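File shown: my_file04.txt. Contents: compact mmCIF, C-alpha atoms.
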# COMPACT_ATOMS: atom_id res chain seq x y z
CA MET A 1 -152.54 60.47 103.39
CA TYR A 2 -151.64 56.98 102.95
CA LEU A 3 -148.75 57.88 100.69
CA LYS A 4 -147.46 60.55 103.07
CA ASP A 5 -147.56 58.16 106.00
CA LYS A 6 -145.76 55.52 104.01
CA LEU A 7 -143.03 58.01 102.96
CA ALA A 8 -142.57 59.20 106.53
CA LEU A 9 -142.22 55.65 107.78
CA THR A 10 -139.62 54.93 105.14
CA LEU A 11 -137.55 57.98 106.14
CA LEU A 12 -137.80 57.01 109.80
CA ILE A 13 -136.48 53.50 109.11
CA ALA A 14 -133.57 54.85 107.02
CA ALA A 15 -132.57 57.29 109.73
CA THR A 16 -132.58 54.54 112.30
CA VAL A 17 -130.29 52.33 110.23
CA CYS A 18 -127.76 55.16 109.63
CA SER A 19 -127.68 56.17 113.28
CA GLY A 20 -126.86 52.54 114.26
CA ALA A 21 -123.97 52.39 111.83
CA LEU A 22 -122.39 55.59 113.21
CA ALA A 23 -122.74 54.44 116.80
CA SER A 24 -120.88 51.17 116.23
CA ASP A 25 -117.53 52.75 117.30
CA TRP A 26 -118.76 53.46 120.72
CA VAL A 27 -119.16 51.10 123.61
CA ASP A 28 -122.55 51.03 125.22
CA ASP A 29 -121.44 50.47 128.76
CA GLU A 30 -122.35 52.40 131.84
CA ARG A 31 -118.81 52.02 133.21
CA VAL A 32 -117.25 53.84 130.25
CA GLN A 33 -117.38 57.57 130.75
CA GLU A 34 -115.28 58.69 127.73
CA PHE A 35 -113.68 57.44 124.54
CA HIS A 36 -109.97 56.63 124.43
CA GLN A 37 -107.98 56.17 121.22
CA PRO A 38 -105.85 53.02 120.94
CA LYS A 39 -102.39 53.45 122.44
CA LYS A 40 -99.52 53.64 119.93
CA HIS A 41 -96.28 51.65 120.50
CA LYS A 42 -93.16 53.77 120.94
CA VAL A 43 -90.65 53.43 118.10
CA ALA A 44 -86.93 53.78 118.87
CA PRO A 45 -85.39 56.77 117.14
CA PRO A 46 -83.23 55.85 114.15
CA ASP A 47 -79.46 56.02 114.45
CA ASN A 48 -77.46 58.94 113.16
CA GLU A 49 -76.92 57.56 109.72
CA GLU A 50 -80.63 56.75 109.18
CA SER A 51 -81.74 60.07 110.62
CA GLU A 52 -79.48 61.89 108.21
CA GLN A 53 -80.82 59.85 105.31
CA MET A 54 -84.47 60.37 106.45
CA SER A 55 -84.08 64.06 107.18
CA THR A 56 -85.90 66.28 104.78
CA VAL A 57 -83.35 69.05 105.29
CA PRO A 58 -80.28 68.62 103.04
CA ARG A 59 -77.15 68.27 105.11
CA LYS A 60 -73.47 68.31 104.28
CA PRO A 61 -72.27 64.69 104.06
CA GLN A 62 -69.96 63.57 106.84
CA GLN A 63 -66.42 62.83 105.66
CA ARG A 64 -65.16 59.63 107.20
CA ARG A 65 -61.49 58.94 106.95
CA PRO A 66 -60.36 55.33 106.96
CA ALA A 67 -58.62 54.04 110.03
CA PHE A 68 -54.85 53.62 109.81
CA VAL A 69 -52.67 50.83 111.06
CA ASP A 70 -50.24 51.75 113.78
CA ASP A 71 -46.67 50.49 114.10
CA GLU A 72 -47.72 47.49 116.14
CA GLY A 73 -50.27 46.28 113.61
CA GLY A 74 -53.38 47.41 115.53
CA MET A 75 -56.10 49.70 114.22
CA ALA A 76 -55.80 53.28 115.38
CA PRO A 77 -58.82 55.64 115.47
CA SER A 78 -59.65 57.73 112.44
CA VAL A 79 -58.94 61.43 112.54
CA VAL A 80 -61.94 63.76 112.38
CA ASP A 81 -61.85 66.68 109.96
CA GLU A 82 -62.46 69.84 111.98
CA SER A 83 -64.15 71.51 109.02
CA ASP A 84 -67.06 69.07 109.45
CA ALA A 85 -67.26 69.36 113.20
CA GLY A 86 -70.35 71.55 113.06
CA ASP A 87 -72.31 68.89 111.19
CA LEU A 88 -71.40 66.01 113.43
CA ILE A 89 -73.47 64.79 116.35
CA PRO A 90 -71.40 65.40 119.49
CA GLY A 91 -69.98 62.27 121.00
CA PRO A 92 -69.71 61.42 124.64
CA LYS A 93 -67.69 63.76 126.79
CA LYS A 94 -64.06 62.82 127.25
CA SER A 95 -62.62 62.35 130.69
CA LYS A 96 -60.03 64.83 131.86
CA SER A 97 -57.32 62.21 131.54
CA ASN A 98 -57.58 62.31 127.73
CA ARG A 99 -55.55 64.96 125.98
CA LEU A 100 -57.77 67.18 123.83
CA GLU A 101 -56.70 69.61 121.15
CA GLY A 102 -59.36 71.85 119.57
CA ASN A 103 -62.12 69.53 120.83
CA VAL A 104 -60.65 66.77 118.70
CA SER A 105 -59.16 63.78 120.46
CA SER A 106 -55.62 63.04 119.30
CA PHE A 107 -53.90 59.69 119.29
CA THR A 108 -50.15 59.12 119.54
CA ALA A 109 -48.91 55.58 119.12
CA ALA A 110 -46.02 54.79 121.45
CA PRO A 111 -42.96 53.56 119.51
CA PRO A 112 -42.27 49.90 120.07
CA ALA A 113 -39.44 49.22 122.50
CA PRO A 114 -36.32 47.87 120.77
CA VAL A 115 -35.87 44.18 121.34
CA ALA A 116 -32.32 42.86 121.31
CA PRO A 117 -31.89 39.61 119.41
CA PRO A 118 -31.51 36.70 121.81
CA MET A 119 -28.01 35.44 122.34
CA PRO A 120 -27.72 31.86 121.09
CA THR A 121 -27.25 29.38 123.89
CA THR A 122 -25.35 26.97 121.69
CA PHE A 123 -23.02 27.43 118.77
CA HIS A 124 -22.65 24.90 115.99
CA MET A 125 -19.79 25.00 113.53
CA LYS A 126 -18.18 22.54 111.21
CA ALA A 127 -14.93 21.19 112.58
CA ALA A 128 -11.82 22.89 111.21
CA GLN A 129 -9.70 20.77 108.90
CA GLU A 130 -5.95 20.78 109.55
CA GLN A 131 -3.88 21.50 106.47
CA ILE A 132 -0.23 21.59 105.58
CA VAL A 133 0.33 25.20 104.54
CA GLU A 134 3.59 25.89 102.76
CA PRO A 135 5.41 29.26 103.10
CA ILE A 136 4.43 30.17 99.52
CA VAL A 137 0.81 30.58 100.69
CA PHE A 138 1.89 33.09 103.35
CA ARG A 139 4.10 35.00 100.92
CA ASN A 140 1.43 35.17 98.23
CA TRP A 141 -1.02 36.66 100.71
CA ILE A 142 1.31 39.32 102.13
CA GLU A 143 2.72 40.32 98.73
CA LYS A 144 -0.82 40.84 97.49
CA SER A 145 -1.91 42.76 100.60
CA HIS A 146 1.38 44.63 101.23
CA PRO A 147 3.48 44.70 98.05
CA GLU A 148 5.59 47.50 99.54
CA LEU A 149 7.22 45.02 101.95
CA LYS A 150 8.79 42.91 99.22
CA GLY A 151 12.56 43.28 99.00
CA GLY A 152 13.02 44.90 102.42
CA LEU A 153 14.39 41.86 104.20
CA VAL A 154 17.72 43.39 105.33
CA LYS A 155 16.19 46.60 106.63
CA GLN A 156 13.40 44.72 108.39
CA ARG A 157 15.88 42.83 110.52
CA ASP A 158 16.65 45.98 112.50
CA GLN A 159 13.00 47.06 112.60
CA VAL A 160 11.26 43.83 113.69
CA ILE A 161 12.43 42.51 117.08
CA GLU A 162 11.15 39.22 118.47
CA VAL A 163 11.43 38.42 122.17
CA LYS A 164 11.37 34.65 122.01
CA GLY A 165 8.98 32.96 124.41
CA ARG A 166 8.74 29.44 125.75
CA TRP A 167 5.50 28.53 123.95
CA ASP A 168 5.16 30.79 120.91
CA ASP A 169 7.64 31.33 118.07
CA SER A 170 6.69 34.36 115.99
CA GLY A 171 9.94 33.93 114.04
CA HIS A 172 8.55 30.88 112.30
CA ALA A 173 5.52 32.81 111.01
CA LEU A 174 7.68 35.82 110.05
CA ARG A 175 9.94 33.56 107.96
CA SER A 176 6.86 32.09 106.25
CA PHE A 177 5.74 35.61 105.34
CA GLY A 178 9.24 36.39 104.01
CA LEU A 179 9.82 39.15 106.58
CA GLY A 180 13.14 39.89 108.23
CA TYR A 181 13.51 40.06 112.01
CA THR A 182 15.98 39.86 114.87
CA LYS A 183 15.51 37.45 117.75
CA VAL A 184 16.51 38.75 121.19
CA PRO A 185 16.60 36.54 124.31
CA VAL A 186 14.16 37.65 126.99
CA ASN A 187 16.93 38.21 129.53
CA ARG A 188 18.71 40.67 127.21
CA ILE A 189 15.79 42.82 126.08
CA ALA A 190 16.20 45.34 128.93
CA ALA A 191 19.60 46.40 127.59
CA TYR A 192 18.79 46.06 123.87
CA ASP A 193 18.96 49.20 121.70
CA LEU A 194 15.49 49.74 120.23
CA SER A 195 16.31 53.03 118.50
CA LYS A 196 16.01 51.48 115.00
CA ALA A 197 13.12 49.17 115.85
CA LYS A 198 9.56 49.80 114.70
CA ILE A 199 7.85 46.80 116.24
CA LEU A 200 8.58 44.59 119.23
CA ILE A 201 6.93 41.14 119.41
CA VAL A 202 6.77 39.52 122.85
CA ASP A 203 5.92 35.83 122.50
CA CYS A 204 4.01 33.71 125.00
CA ALA A 205 4.83 33.18 127.86
CA GLY A 206 6.11 36.77 127.91
CA GLU A 207 8.23 36.48 131.03
CA VAL A 208 9.87 39.86 130.51
CA PRO A 209 11.92 41.03 133.52
CA ALA A 210 10.65 44.06 135.40
CA GLU A 211 13.70 46.17 134.49
CA ALA A 212 12.68 45.95 130.82
CA HIS A 213 9.19 47.32 131.38
CA GLU A 214 10.13 50.99 131.40
CA PRO A 215 12.36 50.86 128.28
CA ILE A 216 9.62 49.04 126.36
CA ARG A 217 6.96 51.46 127.65
CA ASN A 218 9.07 54.39 126.43
CA PHE A 219 9.59 52.66 123.08
CA VAL A 220 5.83 52.44 122.53
CA SER A 221 5.12 55.93 123.86
CA ASN A 222 7.57 57.37 121.33
CA GLY A 223 5.84 55.70 118.37
CA GLY A 224 6.83 52.03 118.47
CA PHE A 225 4.42 49.12 117.95
CA LEU A 226 4.09 46.27 120.47
CA LEU A 227 2.57 42.84 119.72
CA THR A 228 1.98 40.40 122.59
CA THR A 229 0.54 36.89 122.50
CA ASP A 230 -1.37 34.83 125.05
CA TRP A 231 0.40 34.52 128.45
CA ALA A 232 2.34 37.70 127.78
CA LEU A 233 -0.86 39.48 128.79
CA ASP A 234 -0.63 38.85 132.53
CA ASN A 235 3.11 38.15 132.69
CA PHE A 236 4.06 41.41 131.00
CA LEU A 237 1.53 43.68 129.24
CA GLN A 238 -0.89 44.47 132.08
CA LYS A 239 2.11 45.28 134.30
CA ALA A 240 4.16 47.33 131.84
CA ILE A 241 1.22 49.27 130.30
CA PRO A 242 -1.67 48.95 132.76
CA GLY A 243 -5.21 50.26 132.49
CA PHE A 244 -6.18 48.89 129.06
CA LEU A 245 -6.26 45.07 129.04
CA ASP A 246 -5.75 42.39 131.65
CA TRP A 247 -6.24 38.70 132.25
CA GLY A 248 -9.89 37.92 132.81
CA GLY A 249 -9.06 35.19 135.33
CA ASP A 250 -10.24 32.32 133.11
CA ASP A 251 -8.16 29.91 131.08
CA ASN A 252 -9.16 27.70 128.18
CA PRO A 253 -9.01 24.16 129.51
CA ASP A 254 -7.30 22.53 126.55
CA SER A 255 -5.91 23.09 123.10
CA ARG A 256 -8.80 23.58 120.68
CA VAL A 257 -10.13 25.52 117.69
CA VAL A 258 -13.04 27.96 118.22
CA ASP A 259 -15.10 30.15 115.95
CA SER A 260 -14.04 33.73 115.31
CA PHE A 261 -15.46 36.75 113.53
CA ILE A 262 -14.14 40.21 112.66
CA SER A 263 -15.77 42.83 114.91
CA ASP A 264 -14.11 45.90 113.37
CA THR A 265 -13.53 46.30 109.65
CA THR A 266 -12.47 49.96 109.79
CA THR A 267 -8.82 49.38 110.75
CA PRO A 268 -5.89 48.34 108.53
CA PHE A 269 -5.29 45.43 110.89
CA THR A 270 -8.23 43.50 109.42
CA LYS A 271 -7.33 44.26 105.81
CA ASP A 272 -7.76 41.39 103.32
CA THR A 273 -9.12 39.03 105.95
CA VAL A 274 -12.44 37.16 106.06
CA PRO A 275 -15.53 37.96 108.16
CA ARG A 276 -15.64 34.53 109.84
CA ALA A 277 -13.02 31.86 110.37
CA TYR A 278 -11.46 29.55 112.96
CA TRP A 279 -9.05 30.47 115.76
CA LYS A 280 -6.56 28.13 117.44
CA LEU A 281 -6.31 28.34 121.23
CA ASP A 282 -3.51 26.60 123.04
CA LYS A 283 -3.82 24.81 126.34
CA LYS A 284 -4.44 27.27 129.19
CA SER A 285 -4.77 30.23 126.80
CA LYS A 286 -5.74 33.19 128.95
CA ASN A 287 -8.99 35.01 128.27
CA MET A 288 -8.67 38.74 127.81
CA ARG A 289 -10.66 41.38 129.71
CA ILE A 290 -11.18 44.91 128.41
CA VAL A 291 -10.35 47.39 131.20
CA ASN A 292 -10.95 50.61 129.25
CA PRO A 293 -13.59 50.06 126.53
CA ARG A 294 -13.40 53.69 125.39
CA LYS A 295 -9.76 53.34 124.34
CA VAL A 296 -9.55 49.68 123.34
CA LYS A 297 -10.74 48.50 119.92
CA VAL A 298 -11.67 44.83 119.65
CA LEU A 299 -10.76 43.32 116.28
CA ALA A 300 -11.99 39.73 116.61
CA ARG A 301 -14.36 37.83 118.89
CA SER A 302 -15.67 34.31 119.42
CA ARG A 303 -19.38 33.64 119.93
CA LEU A 304 -18.66 30.26 121.43
CA MET A 305 -16.46 31.83 124.11
CA MET A 306 -19.06 34.53 124.76
CA ASN A 307 -21.61 31.83 125.58
CA GLU A 308 -19.22 29.78 127.66
CA ASN A 309 -17.90 32.27 130.18
CA GLY A 310 -20.18 35.29 129.84
CA THR A 311 -17.28 37.57 128.83
CA GLY A 312 -16.91 39.42 125.59
CA GLY A 313 -15.18 36.48 123.94
CA ASP A 314 -12.46 38.87 122.72
CA LEU A 315 -9.62 37.31 120.74
CA ALA A 316 -7.67 40.32 119.44
CA ALA A 317 -7.67 43.92 120.67
CA THR A 318 -5.62 47.05 120.03
CA PHE A 319 -5.15 50.46 121.65
CA ARG A 320 -3.00 53.54 121.30
CA TYR A 321 -0.36 54.40 123.89
CA GLY A 322 1.34 57.73 123.41
CA LYS A 323 2.45 57.89 119.77
CA GLY A 324 2.59 54.11 119.44
CA ARG A 325 0.14 51.20 119.39
CA VAL A 326 -0.34 47.84 121.10
CA LEU A 327 -1.98 44.64 119.81
CA HIS A 328 -2.69 41.63 121.99
CA MET A 329 -3.97 38.27 120.76
CA VAL A 330 -5.38 35.32 122.68
CA GLY A 331 -3.47 32.38 121.22
CA HIS A 332 -0.21 32.34 119.24
CA PHE A 333 1.30 33.93 116.14
CA ASP A 334 3.05 30.69 115.20
CA ASN A 335 1.32 27.92 113.27
CA ASN A 336 1.00 25.10 115.74
CA SER A 337 2.96 25.04 118.98
CA ASP A 338 1.96 21.50 120.02
CA ARG A 339 2.96 19.72 116.82
CA ALA A 340 6.46 18.69 115.82
CA PHE A 341 5.61 19.25 112.15
CA ASN A 342 5.10 22.99 112.33
CA ASN A 343 3.76 23.52 108.81
CA MET A 344 0.50 21.90 109.89
CA LEU A 345 -2.03 24.72 110.30
CA PRO A 346 -5.03 23.75 112.49
CA ASP A 347 -7.21 26.78 111.66
CA PRO A 348 -6.81 27.85 108.00
CA ALA A 349 -9.30 30.55 107.07
CA PRO A 350 -11.40 30.20 103.92
CA THR A 351 -10.16 32.01 100.82
CA ILE A 352 -6.92 33.39 102.31
CA GLY A 353 -5.45 30.00 103.26
CA ILE A 354 -3.61 31.23 106.36
CA SER A 355 -5.25 31.63 109.76
CA LEU A 356 -7.16 34.76 110.73
CA ARG A 357 -4.95 35.33 113.79
CA GLN A 358 -1.85 35.28 111.58
CA ALA A 359 -3.37 37.66 109.04
CA ILE A 360 -4.25 40.19 111.77
CA ALA A 361 -0.74 39.94 113.27
CA ALA A 362 0.91 40.31 109.85
CA ASN A 363 -1.19 43.39 109.08
CA PHE A 364 -0.06 44.87 112.40
CA VAL A 365 3.61 44.23 111.50
CA ALA A 366 3.09 45.77 108.05
CA GLU A 367 1.46 48.85 109.56
CA ALA A 368 4.41 49.25 111.95
CA LEU A 369 6.92 49.01 109.10
CA ALA A 370 4.97 51.68 107.20
CA GLN A 371 5.63 54.23 109.95
CA PRO A 372 8.23 56.89 109.11
CA ASP A 373 11.79 56.22 110.17
CA ALA A 374 13.08 57.98 113.25
CA GLU A 375 15.15 61.06 112.52
CA PRO A 376 18.85 60.32 113.12
CA THR A 377 20.49 62.43 115.78
CA ALA A 378 23.96 63.81 115.10
CA ALA A 379 26.68 63.07 117.64
CA GLY A 380 26.66 65.63 120.42
CA ALA A 381 23.39 67.20 119.20
CA THR A 382 20.41 67.65 121.46
CA PRO A 383 17.14 66.15 120.15
CA ALA A 384 14.44 68.71 119.41
Write the structure described by the file as structure tokens, please.
Amino acid sequence: MYLKDKLALTLLIAATVCSGALASDWVDDERVQEFHQPKKHKVAPPDNEESEQMSTVPRKPQQRRPAFVDDEGGMAPSVVDESDAGDLIPGPKKSKSNRLEGNVSSFTAAPPAPVAPPMPTTFHMKAAQEQIVEPIVFRNWIEKSHPELKGGLVKQRDQVIEVKGRWDDSGHALRSFGLGYTKVPVNRIAAYDLSKAKILIVDCAGEVPAEAHEPIRNFVSNGGFLLTTDWALDNFLQKAIPGFLDWGGDDNPDSRVVDSFISDTTTPFTKDTVPRAYWKLDKKSKNMRIVNPRKVKVLARSRLMMNENGTGGDLAATFRYGKGRVLHMVGHFDNNSDRAFNNMLPDPAPTIGISLRQAIAANFVAEALAQPDAEPTAAGATPA
């Protein structure tokens, strides 16, 4: 019995120890009615990229196109491939103001507005150097540019008519070029026979009497060329052939040399010239205003004059009238009207040696002489 009792006591002690160990997770408190598991902290769901990587279901990889740079240098949104749209997580809904095409937002970069280059407020140029220019320089230039004119001196005298002015002397420049001409006093031009003439040059001041306006207008309309200089603009040209050019109302205060540049290289009147040069203006030279820009072609301009008076700074312009053509220049055809020694050229152009204004005028004379001769009319015959 003793052994049985001892064994039973041992089993009772062991049971007691095990029951205590199992009950250690419980709280022996009268206020606790039930057992609660420890609360778990909420974990934020992973972002789209992590969720795709953590997903156990294989998914088609999302194709991401690199962003492109728009015209203004900013980053524009990438374009989404519609073939992958079913695998993408929908984004936030677009407002009605956004343009949608096939549920894909489109982006159109607005083209940048053209910006005009600022007009310089000042103009800096190296001062022109006066030079003595001998007639051989003029003749070398025109023989190279217009070799067809060489040897036509006698015939040219009937074809080139100069109406001598008070301030300009085109005859001096024509002699330097080796061209023939006939000088007609201004008070006789109304009665002068222009039937053989191809070009009429009206020098500054251009005080042509009113009775000569119609004959000259008819001469140009029938195919003649007319070249006017400086004051001949308001004294004659804008009255005889109105509606194309007129005096802008401003005068240059004093004799000076300004910058000039060719603004039209498509005409024969700027042949064998230079893009940029000097341009002599005489005292009170009259600025030119373009009345009909659609029909007038500007050949040369000055940036300095553009900045000074807000006009176009036009120095030479031409237009068609009937079958003929007109050229007007601000300034003179002659070398230097205010110097006794007239071979002194105040505005020689680089490379060509003569001035740009003289080269343009000489090209105009050459173009006039290249026109076909008028058909002679037999005595008593009626022109066709």
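Separating atom CA of Leu304 of chain A from atom CA of Leu281 of chain A is a distance of 12.5 Å.
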For segment 254-337 of chain A against segment 210-216 of chain A, with a cut-off of 12 Å and counting all atoms listed in the file, what is the closest atom pair and its distance in Å to one decimal for every residue that makes the cut, ordered by chain and number, as a Markdown table?
| residue | atom | partner | partner_atom | distance |
| --- | --- | --- | --- | --- |
| A:Tyr321 | CA | A:Ile216 | CA | 11.6 |
| A:Gly324 | CA | A:Ile216 | CA | 11.1 |
| A:Arg325 | CA | A:Ile216 | CA | 12.0 |
| A:Val326 | CA | A:Ile216 | CA | 11.3 |
| task | May I ask for the distance between atom CA of Ile354 of chain A and atom CA of Ile262 of chain A, given in Å to one decimal place? | result |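 Taking atom CA of Ile354 of chain A as the start and atom CA of Ile262 of chain A as the end point, the length is 15.2 Å.
Rounded to one decimal, atom CA of Phe333 of chain A and atom CA of Tyr192 of chain A lie 22.6 Å from each other.
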| query | Which protein, DNA or RNA residues are at most 7 Å from (3.0, 20.8, 106.8) in the file's coordinates when you count all atoms listed in the file, listed as a ChimeraX atom specification? | reply | /A:131-134,341-344
| query | In file coordinates, which residues lie within 12 Å of (14.6, 52.2, 119.8) using only C-alpha atoms, given as a PyMOL selection string? | reply | chain A and resi 158-161+189-200+215-225+373-376
Suppose we keep C-alpha atoms; can you now write the selection as a short mmCIF file (atom, residue, chain, number, x, y, z; two decimals), in the coordinates of the input?
data_model
loop_
_atom_site.label_atom_id
_atom_site.label_comp_id
_atom_site.auth_asym_id
_atom_site.auth_seq_id
_atom_site.Cartn_x
_atom_site.Cartn_y
_atom_site.Cartn_z
CA ASP A 158 16.65 45.98 112.50
CA GLN A 159 13.00 47.06 112.60
CA VAL A 160 11.26 43.83 113.69
CA ILE A 161 12.43 42.51 117.08
CA ILE A 189 15.79 42.82 126.08
CA ALA A 190 16.20 45.34 128.93
CA ALA A 191 19.60 46.40 127.59
CA TYR A 192 18.79 46.06 123.87
CA ASP A 193 18.96 49.20 121.70
CA LEU A 194 15.49 49.74 120.23
CA SER A 195 16.31 53.03 118.50
CA LYS A 196 16.01 51.48 115.00
CA ALA A 197 13.12 49.17 115.85
CA LYS A 198 9.56 49.80 114.70
CA ILE A 199 7.85 46.80 116.24
CA LEU A 200 8.58 44.59 119.23
CA PRO A 215 12.36 50.86 128.28
CA ILE A 216 9.62 49.04 126.36
CA ARG A 217 6.96 51.46 127.65
CA ASN A 218 9.07 54.39 126.43
CA PHE A 219 9.59 52.66 123.08
CA VAL A 220 5.83 52.44 122.53
CA SER A 221 5.12 55.93 123.86
CA ASN A 222 7.57 57.37 121.33
CA GLY A 223 5.84 55.70 118.37
CA GLY A 224 6.83 52.03 118.47
CA PHE A 225 4.42 49.12 117.95
CA ASP A 373 11.79 56.22 110.17
CA ALA A 374 13.08 57.98 113.25
CA GLU A 375 15.15 61.06 112.52
CA PRO A 376 18.85 60.32 113.12
#
| field | Proximity to Gly322 of chain A - best of A:Val154, A:Val137, A:Ile241, A:Leu356, all atoms listed in the file | value |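 Looking only at the distances to Gly322 of chain A, the closest residue turns out to be A:Ile241.
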| field | Closest of A:Thr351, A:Gln371, A:Ser176, A:Asn140 to Arg276 of chain A - atom-to-atom distances counting all atoms listed in the file | value |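 The answer is A:Thr351, which sits nearest to Arg276 of chain A.
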| said: Could you list, as a PyMOL selection string, every residue within 10 Å of Asp314 of chain A, counting all atoms listed in the file and ignoring same-chain residues fewer than 3 positions away? | reply: chain A and resi 260-261+263+287-290+298-303+305-306+311+317+329-330
| said: Taking 2 positions as the minimum chain separation for residues in the same chain, which residues sit within 8 Å of Val296 of chain A when counting all atoms listed in the file? Answer as a list of chain:residue names. | reply: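 So the residues in contact are A:Phe244, A:Ile290, A:Asn292, A:Pro293, A:Arg294, A:Val298, A:Ala317, A:Thr318, A:Phe319, A:Arg320.
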